[in-house]
Amino acid sequence: MKKLDQIEKKQIFTVPDGYFDQLPLAIQERVSQKRSISWFGVPMLRLALPVVALLVVGIVWFKPFSSSLSIEEELSMLNESDLIAYLNESDLTSDELINTFNLSSEEVNNLEQEVFQSLQSSEGILESLIDEYTIETENF
Amino acid sequence: MADLLEDQELLLKIRNPETRNYGFNMLVRAYQQRVYWLIRKMVIDHDDANDLTQEVFIKVYKAIDNFREDSQLFTWIYRIATNECLSYLSKKRKRFFLPLEDVGKELAGKLDNSSLISGDEIQKKLQLAILKLPDKQRLVFNMKYFEDMSYEDMSEVTNTSVGALKASFHHAVKKIEEYLESN
């Protein structure tokens, strides 16, 4: 039987030339990109409000059958990860959304409250957003 | 001792906001090769290893402030690397729905087709034998055989007892030798 210790230990894998010289730079660049989480200079929390407004209005307008659920109940059924994914993909500005749907200041305040409550109910998401917001405002 | 002092210096620099980037850069340079080669031996393909290595160091960057120094810095980083590796391979296995295909065959295929793999027949055969092992056992084998890590360090990395690691390694050696004999 061929014994393992009879086989010479060799490194058969290779890397492209200069790979380990450029790897730290590539990593540093990715770390810097991840720190920059606000988009068009608008902090994420401020974007959450109008996006939630859009989604709520969309649910009310486009729902095919009348629902016995209140807006608050509808909102509480929204998935936070879907909201966050929508934030990352949407290119609407907060002003455009607020102006389009003519929300009163009371409606804005109520929606803002709903957003914070729904975020707080999800473990770690609010803290994570706050951490990212804090990081974004630091100078590097 | 020298490593410990260097690690303490690195951590001091990273925890100082003014030198954080510099310190982290030094940490990457200190550990990049060990992390990369650990991963590369598991995933075979350079591009996959490159992606995973970068992910590991991004996770290190995010978590370094929570590093409690109750283990060595290198075993902490290695733990992140091994978890990333095993998680990647596990997800890959779940994606293979066809019974005839498996991750082992795909990895074995990369041994033959990559320009970034050299080595004679016996070396490639050894790699094929290693690929037959379950992922965790393969990891243990690689750490012991290629890096000559102590069982105590491996125990910290894998959160597995020294006895279990010794048994796993010796069983892996037996399986590899049987494969080499029959192929």
# chains A, B, ... in the order shown; residues from 1 in each chain; ligands from 1
call {"tool": "closest_atom_pairs", "arguments": {"of": "chain A", "to": "chain B", "cutoff": "9 Å", "atoms": "only C-alpha atoms", "output": "JSON lines"}}
result
{"residue": "A:Met1", "atom": "CA", "partner": "B:Glu181", "partner_atom": "CA", "distance": 5.4}
{"residue": "A:Lys2", "atom": "CA", "partner": "B:Glu181", "partner_atom": "CA", "distance": 5.8}
{"residue": "A:Lys3", "atom": "CA", "partner": "B:Glu177", "partner_atom": "CA", "distance": 6.0}
{"residue": "A:Leu4", "atom": "CA", "partner": "B:Glu177", "partner_atom": "CA", "distance": 6.3}
{"residue": "A:Ile7", "atom": "CA", "partner": "B:Ile122", "partner_atom": "CA", "distance": 7.8}
{"residue": "A:Glu8", "atom": "CA", "partner": "B:Gln123", "partner_atom": "CA", "distance": 8.2}
{"residue": "A:Lys9", "atom": "CA", "partner": "B:Phe146", "partner_atom": "CA", "distance": 7.3}
{"residue": "A:Lys10", "atom": "CA", "partner": "B:Gln123", "partner_atom": "CA", "distance": 7.3}
{"residue": "A:Gln11", "atom": "CA", "partner": "B:Gly119", "partner_atom": "CA", "distance": 7.8}
{"residue": "A:Ile12", "atom": "CA", "partner": "B:Ser118", "partner_atom": "CA", "distance": 5.0}
{"residue": "A:Phe13", "atom": "CA", "partner": "B:Ile117", "partner_atom": "CA", "distance": 4.5}
{"residue": "A:Thr14", "atom": "CA", "partner": "B:Leu116", "partner_atom": "CA", "distance": 4.9}
{"residue": "A:Val15", "atom": "CA", "partner": "B:Leu116", "partner_atom": "CA", "distance": 6.1}
{"residue": "A:Pro16", "atom": "CA", "partner": "B:Leu116", "partner_atom": "CA", "distance": 7.5}
{"residue": "A:Phe20", "atom": "CA", "partner": "B:Gln33", "partner_atom": "CA", "distance": 7.4}
{"residue": "A:Asp21", "atom": "CA", "partner": "B:Arg29", "partner_atom": "CA", "distance": 8.6}
{"residue": "A:Leu23", "atom": "CA", "partner": "B:Gln54", "partner_atom": "CA", "distance": 8.0}
{"residue": "A:Pro24", "atom": "CA", "partner": "B:Val28", "partner_atom": "CA", "distance": 6.1}
{"residue": "A:Leu25", "atom": "CA", "partner": "B:Asn25", "partner_atom": "CA", "distance": 8.1}
{"residue": "A:Ala26", "atom": "CA", "partner": "B:Gln54", "partner_atom": "CA", "distance": 7.9}
{"residue": "A:Ile27", "atom": "CA", "partner": "B:Gln54", "partner_atom": "CA", "distance": 5.8}
{"residue": "A:Gln28", "atom": "CA", "partner": "B:Asn25", "partner_atom": "CA", "distance": 7.2}
{"residue": "A:Arg30", "atom": "CA", "partner": "B:Ile58", "partner_atom": "CA", "distance": 7.7}
{"residue": "A:Val31", "atom": "CA", "partner": "B:Ile58", "partner_atom": "CA", "distance": 6.2}
{"residue": "A:Phe140", "atom": "CA", "partner": "B:Glu18", "partner_atom": "CA", "distance": 8.1}
call {"tool": "select_by_dssp", "arguments": {"residues": "region 54-181 of chain B", "states": "helix (DSSP H, G or I)", "output": "ChimeraX atom specification"}}
result
/B:54-66,73-95,103-113,121-131,135-145,151-158,162-181
call {"tool": "write_last_selection", "arguments": {"atoms": "C-alpha atoms", "output": "short mmCIF file (atom, residue, chain, number, x, y, z; two decimals), in the first residue's frame"}}
result
data_model
loop_
_atom_site.label_atom_id
_atom_site.label_comp_id
_atom_site.auth_asym_id
_atom_site.auth_seq_id
_atom_site.Cartn_x
_atom_site.Cartn_y
_atom_site.Cartn_z
CA GLN B 54 -11.88 38.73 0.46
CA GLU B 55 -15.17 37.90 2.19
CA VAL B 56 -13.24 36.52 5.14
CA PHE B 57 -11.23 39.70 5.62
CA ILE B 58 -14.32 41.87 5.24
CA LYS B 59 -15.90 39.86 8.04
CA VAL B 60 -12.71 40.22 10.07
CA TYR B 61 -12.89 43.99 9.57
CA LYS B 62 -16.51 44.13 10.71
CA ALA B 63 -15.97 41.91 13.74
CA ILE B 64 -12.47 42.92 14.89
CA ASP B 65 -13.80 45.37 17.49
CA ASN B 66 -15.63 42.45 19.12
CA LEU B 73 -5.77 36.29 16.52
CA PHE B 74 -4.75 33.74 13.93
CA THR B 75 -7.11 31.01 15.25
CA TRP B 76 -9.93 33.56 15.35
CA ILE B 77 -9.30 34.55 11.73
CA TYR B 78 -8.93 30.91 10.75
CA ARG B 79 -12.26 30.12 12.36
CA ILE B 80 -13.93 32.75 10.21
CA ALA B 81 -12.14 31.36 7.15
CA THR B 82 -13.12 27.74 7.84
CA ASN B 83 -16.74 28.69 8.49
CA GLU B 84 -16.84 30.69 5.26
CA CYS B 85 -15.36 27.78 3.35
CA LEU B 86 -17.66 25.13 4.78
CA SER B 87 -20.66 27.38 4.30
CA TYR B 88 -19.74 27.95 0.65
CA LEU B 89 -19.30 24.23 -0.01
CA SER B 90 -22.52 23.41 1.81
CA LYS B 91 -24.49 25.90 -0.31
CA LYS B 92 -22.84 24.51 -3.43
CA ARG B 93 -23.94 20.99 -2.51
CA LYS B 94 -27.51 22.13 -2.04
CA ARG B 95 -27.51 23.61 -5.53
CA VAL B 103 -19.52 18.98 -5.89
CA GLY B 104 -16.64 16.52 -5.54
CA LYS B 105 -16.71 15.78 -9.25
CA GLU B 106 -16.81 19.47 -10.09
CA LEU B 107 -13.82 20.18 -7.86
CA ALA B 108 -11.97 17.19 -9.30
CA GLY B 109 -12.64 18.55 -12.77
CA LYS B 110 -11.01 21.85 -11.80
CA LEU B 111 -7.83 19.94 -10.88
CA ASP B 112 -7.47 18.86 -14.49
CA ASN B 113 -8.63 22.02 -16.21
CA GLU B 121 0.41 12.59 -11.49
CA ILE B 122 0.88 11.39 -7.94
CA GLN B 123 0.28 14.88 -6.55
CA LYS B 124 -2.97 15.20 -8.53
CA LYS B 125 -3.98 11.72 -7.45
CA LEU B 126 -3.37 12.73 -3.84
CA GLN B 127 -5.62 15.78 -4.33
CA LEU B 128 -8.30 13.57 -5.87
CA ALA B 129 -8.07 11.27 -2.86
CA ILE B 130 -8.38 14.24 -0.50
CA LEU B 131 -11.45 15.44 -2.42
CA ASP B 135 -15.62 18.62 3.84
CA LYS B 136 -14.88 18.89 7.56
CA GLN B 137 -12.56 15.93 7.51
CA ARG B 138 -10.84 17.35 4.44
CA LEU B 139 -10.33 20.61 6.29
CA VAL B 140 -8.80 18.82 9.28
CA PHE B 141 -6.56 16.78 7.00
CA ASN B 142 -5.34 19.86 5.12
CA MET B 143 -4.60 21.79 8.31
CA LYS B 144 -2.65 18.92 9.80
CA TYR B 145 -0.92 17.47 6.75
CA TYR B 151 -4.13 19.71 17.39
CA GLU B 152 -4.61 22.34 20.09
CA ASP B 153 -4.75 25.16 17.52
CA MET B 154 -7.03 23.09 15.30
CA SER B 155 -9.28 22.49 18.29
CA GLU B 156 -9.60 26.26 18.80
CA VAL B 157 -10.33 26.82 15.13
CA THR B 158 -12.90 24.05 14.71
CA VAL B 162 -8.26 17.18 20.27
CA GLY B 163 -9.18 13.51 20.49
CA ALA B 164 -11.85 13.83 17.82
CA LEU B 165 -9.42 15.69 15.57
CA LYS B 166 -6.76 13.02 15.97
CA ALA B 167 -9.27 10.32 15.12
CA SER B 168 -10.51 12.29 12.12
CA PHE B 169 -7.00 12.87 10.79
CA HIS B 170 -5.88 9.28 11.14
CA HIS B 171 -9.06 8.02 9.53
CA ALA B 172 -8.52 10.46 6.68
CA VAL B 173 -4.99 9.17 6.16
CA LYS B 174 -6.28 5.61 6.01
CA LYS B 175 -8.94 6.50 3.44
CA ILE B 176 -6.43 8.37 1.29
CA GLU B 177 -3.96 5.52 1.35
CA GLU B 178 -6.69 3.06 0.37
CA TYR B 179 -7.66 5.31 -2.53
CA LEU B 180 -4.07 5.63 -3.73
CA GLU B 181 -3.65 1.88 -3.54
#
